[in-house]
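Structure record follows, encoded as structure tokens.
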Amino acid sequence: MAGDARMQERLYDDNMSETEPVDSDDPLEQMPQRSGALHERLNELLDDAEFDGSPRGEAALGMCLVAMEHATALQALMALGMPTSAVSLMRLQFEALTRAMWLIYAAGDAAIEKLSAPLTLDSEQAVKNLPTAKEMIDQIGKRIGQGVPAAAHQMLTHFKDVSWHAMNSFVHGGIHPLRRSADGFPVHLTLQVLRNSNGLSTMTGMTMAVLTGDEAIAKPMSKIQQAFADCLPDLLKP
């Protein structure tokens, strides 16, 4: 369910502890394997879940699945040795997650109706005035204390502040992809990209857990960050 985030071979052993490190000293082997295990765990928790079937819930779930698909594609491109293309997908992953959270917490009914309409030339035009990523994050922030987790808004804000300009450069053919293509893609940046994408996937999983309304899913989902800390960004301080 969570974007079908399985790689070509099974990377998550049911008999292996979630926190057990992979038997390899090479971070370029360890990180992809732990990333695969993370996605397997997300799938495990969400595959048989029942989600909010309202128009708002279905729209938000659809965007979560889009975000998970981008994450899976990012991992696949990294495995194929195409890191520049992979990084470009991280902006798409981030924006899909941001849209999903906005749909849950801040979007008006009119926006839900526009995004839920069948795809036509008219419906394509109708959604052109939907808010930008920054505007969505700002609107989510205004709802803190009204059902919006402060930590979720903090994560979106921090990620955008730190990564937005570089992601734009990769997407729009700026200096970042040009120099990486010419000079190579350093190991530390490869690992950071995977960590950041995993962080977005974890937040997407938590958003999907909210859409289930099921504590039996939400509770183990809340432990994901600790269990997979070795392949996720450092937790932000409140």
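Naming works like this for the structure tokens: A, B, ... for the chains as they're shown, residue 1 at the start of each chain, ligands 1 onward in shown order.
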
Please identify all polymer residues within 6 Å of range 209-222 of chain A, counting only C-alpha atoms, omitting same-chain residues fewer than 6 positions from it, and present them as a ChimeraX atom specification. /A:50-52

Close residues, range 130-139 of chain A itself excluded, 8 Å, only C-alpha atoms, min 3 positions apart in chain, as an NGL selection string: :A and (95 or 98-99 or 102 or 106 or 111 or 127 or 142-143 or 153 or 156-157)

Once you have the residues from the selection above, write them out as a short mmCIF file (atom, residue, chain, number, x, y, z; two decimals), in the first residue's frame, restricted to all heavy atoms.
```
data_model
loop_
_atom_site.label_atom_id
_atom_site.label_comp_id
_atom_site.auth_asym_id
_atom_site.auth_seq_id
_atom_site.Cartn_x
_atom_site.Cartn_y
_atom_site.Cartn_z
N GLU A 95 6.80 17.96 -1.98
CA GLU A 95 5.59 18.70 -2.30
C GLU A 95 4.35 17.82 -2.21
O GLU A 95 3.27 18.29 -1.80
CB GLU A 95 5.72 19.34 -3.68
CG GLU A 95 6.74 20.47 -3.72
CD GLU A 95 6.48 21.47 -4.83
OE1 GLU A 95 5.34 21.95 -4.95
OE2 GLU A 95 7.42 21.76 -5.59
N THR A 98 3.60 17.56 1.47
CA THR A 98 3.06 18.84 1.94
C THR A 98 1.61 18.99 1.51
O THR A 98 0.74 19.41 2.30
CB THR A 98 3.90 20.01 1.39
OG1 THR A 98 5.26 19.86 1.80
CG2 THR A 98 3.37 21.35 1.88
N ARG A 99 1.31 18.63 0.27
CA ARG A 99 -0.07 18.72 -0.22
C ARG A 99 -0.98 17.79 0.57
O ARG A 99 -2.11 18.17 0.93
CB ARG A 99 -0.12 18.36 -1.71
CG ARG A 99 -1.51 18.43 -2.33
CD ARG A 99 -1.94 19.84 -2.60
NE ARG A 99 -1.24 20.39 -3.75
CZ ARG A 99 -1.26 21.66 -4.12
NH1 ARG A 99 -1.95 22.54 -3.39
NH2 ARG A 99 -0.60 22.10 -5.16
N TRP A 102 -1.64 19.35 3.93
CA TRP A 102 -2.51 20.51 3.75
C TRP A 102 -3.95 20.07 3.53
O TRP A 102 -4.88 20.66 4.07
CB TRP A 102 -2.00 21.33 2.57
CG TRP A 102 -2.85 22.50 2.20
CD1 TRP A 102 -2.94 23.70 2.86
CD2 TRP A 102 -3.73 22.61 1.07
NE1 TRP A 102 -3.81 24.54 2.21
CE2 TRP A 102 -4.31 23.91 1.11
CE3 TRP A 102 -4.06 21.74 0.03
CZ2 TRP A 102 -5.22 24.33 0.15
CZ3 TRP A 102 -4.96 22.17 -0.93
CH2 TRP A 102 -5.53 23.45 -0.87
N ALA A 106 -5.74 21.81 6.45
CA ALA A 106 -5.94 23.23 6.16
C ALA A 106 -6.75 23.54 4.91
O ALA A 106 -7.23 24.67 4.77
CB ALA A 106 -4.57 23.93 6.05
N ALA A 111 -11.34 23.44 -2.37
CA ALA A 111 -10.09 22.87 -2.89
C ALA A 111 -10.20 21.35 -2.99
O ALA A 111 -9.72 20.74 -3.96
CB ALA A 111 -8.92 23.26 -2.00
N VAL A 127 -7.54 24.00 -10.78
CA VAL A 127 -6.61 23.79 -9.66
C VAL A 127 -5.35 24.65 -9.78
O VAL A 127 -4.47 24.57 -8.93
CB VAL A 127 -6.21 22.30 -9.54
CG1 VAL A 127 -7.41 21.44 -9.25
CG2 VAL A 127 -5.48 21.81 -10.80
N LYS A 142 -0.88 27.84 10.82
CA LYS A 142 -1.94 28.61 11.49
C LYS A 142 -2.93 27.71 12.21
O LYS A 142 -3.74 28.20 13.02
CB LYS A 142 -2.66 29.48 10.46
CG LYS A 142 -1.80 30.61 9.90
CD LYS A 142 -2.54 31.41 8.84
CE LYS A 142 -1.65 32.51 8.27
NZ LYS A 142 -2.33 33.27 7.18
N ARG A 143 -2.89 26.40 11.90
CA ARG A 143 -3.82 25.46 12.53
C ARG A 143 -3.19 24.69 13.69
O ARG A 143 -3.83 23.78 14.22
CB ARG A 143 -4.33 24.47 11.47
CG ARG A 143 -5.06 25.12 10.31
CD ARG A 143 -6.35 25.78 10.74
NE ARG A 143 -7.05 26.39 9.64
CZ ARG A 143 -7.99 25.77 8.90
NH1 ARG A 143 -8.30 24.52 9.18
NH2 ARG A 143 -8.58 26.41 7.92
N HIS A 153 4.49 20.41 11.40
CA HIS A 153 4.72 21.71 10.77
C HIS A 153 6.19 22.11 10.87
O HIS A 153 6.77 22.65 9.92
CB HIS A 153 3.85 22.78 11.43
CG HIS A 153 4.09 24.15 10.89
ND1 HIS A 153 4.84 25.10 11.56
CD2 HIS A 153 3.71 24.74 9.73
CE1 HIS A 153 4.89 26.20 10.84
NE2 HIS A 153 4.22 26.01 9.73
N LEU A 156 8.19 20.25 8.14
CA LEU A 156 7.99 20.81 6.81
C LEU A 156 8.75 22.13 6.65
O LEU A 156 9.41 22.36 5.64
CB LEU A 156 6.50 21.04 6.55
CG LEU A 156 5.60 19.81 6.41
CD1 LEU A 156 4.15 20.24 6.25
CD2 LEU A 156 6.03 18.94 5.24
N THR A 157 8.65 22.98 7.65
CA THR A 157 9.32 24.28 7.60
C THR A 157 10.84 24.13 7.54
O THR A 157 11.52 24.77 6.72
CB THR A 157 8.94 25.12 8.83
OG1 THR A 157 7.52 25.30 8.86
CG2 THR A 157 9.62 26.48 8.79
#
```

Identify, on the basis of only C-alpha atoms, every residue whose closest approach to His158 in chain A does not exceed 12 Å; exclude the query and any residue fewer than 4 positions from it along the same chain; express the result as a ChimeraX atom specification. /A:94,134,137,151-154,162-164,196,200,233-238

For Leu92 in chain A, which residue out of A:Ser116, A:Gln146, A:Asn129, A:Asn168 is the nearest one, using only C-alpha atoms?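 Checking each candidate against Leu92 in chain A, we get A:Asn168 as the closest.
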
From the list A:Leu115, A:Ala76, A:Leu42, A:Ala86, which residue is nearest Phe185 in chain A when using only C-alpha atoms?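 Nearest to Phe185 in chain A: A:Ala86.
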
Give me, as a ChimeraX atom specification, all polymer residues having an atom no more than 10 Å from Gly184 in chain A, counting only C-alpha atoms and skipping those fewer than 5 positions away in the same chain. /A:83-84,177-179

As a VMD selection string, please: every residue in range 30-164 of chain A that DSSP puts in helix (DSSP H, G or I). chain A and resid 30 to 46 55 to 79 83 to 105 109 to 116 121 to 129 133 to 141 150 to 164

Contact residues around Val87 in chain A with only C-alpha atoms at 8 Å, ignoring same-chain residues under 6 positions, as a JSON list (two decimals) with N, CA, C and O atoms, in the first residue's frame:
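Result file part_36.json:
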```
[["chain", "number", "residue", "atom", "x", "y", "z"],
["A", 74, "LEU", "N", 13.19, 7.33, -6.24],
["A", 74, "LEU", "CA", 14.47, 7.92, -5.82],
["A", 74, "LEU", "C", 15.46, 6.84, -5.44],
["A", 74, "LEU", "O", 16.63, 6.86, -5.86],
["A", 167, "MET", "N", 17.08, 22.00, -4.15],
["A", 167, "MET", "CA", 16.13, 21.17, -4.90],
["A", 167, "MET", "C", 15.65, 21.89, -6.15],
["A", 167, "MET", "O", 15.52, 21.28, -7.22],
["A", 170, "PHE", "N", 18.25, 21.58, -8.89],
["A", 170, "PHE", "CA", 18.24, 20.28, -9.56],
["A", 170, "PHE", "C", 17.06, 20.15, -10.52],
["A", 170, "PHE", "O", 17.20, 19.64, -11.63],
["A", 193, "VAL", "N", 20.99, 12.48, 1.01],
["A", 193, "VAL", "CA", 19.78, 12.46, 0.19],
["A", 193, "VAL", "C", 18.89, 11.29, 0.59],
["A", 193, "VAL", "O", 17.67, 11.44, 0.74]]
```

Using only C-alpha atoms, which residues sit within 9 Å of Met31 in chain A once same-chain residues fewer than 5 positions away are excluded, as a count of residues only? 8

Kindly indicate which residue among A:Ser85, A:Gln125, A:Thr202, A:Gln33 lies nearest to Leu45 in chain A, using only C-alpha atoms for the distances.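 Under the stated criterion, the closest residue is A:Thr202.
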
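Take CA of Ser181 in chain A and CA of Leu38 in chain A: the distance between them is 29.1 Å.
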
Straight-line distance linking CA of Met82 in chain A with CA of His39 in chain A, stated in Å to one decimal: 20.3 Å

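Nearest to Lys128 in chain A of all the residues A:Gly53, A:Lys114, A:Gln192, A:Asp25 is A:Lys114, counting only C-alpha atoms.
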
CA of His165 in chain A and CA of Leu80 in chain A are how many Å apart?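 Between CA of His165 in chain A and CA of Leu80 in chain A the gap is 25.2 Å.
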
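Closest approach to Ile144 in chain A from the set A:Ala60, A:Tyr105, A:Thr190, A:Gly199 is made by A:Tyr105, with distances taken over only C-alpha atoms.
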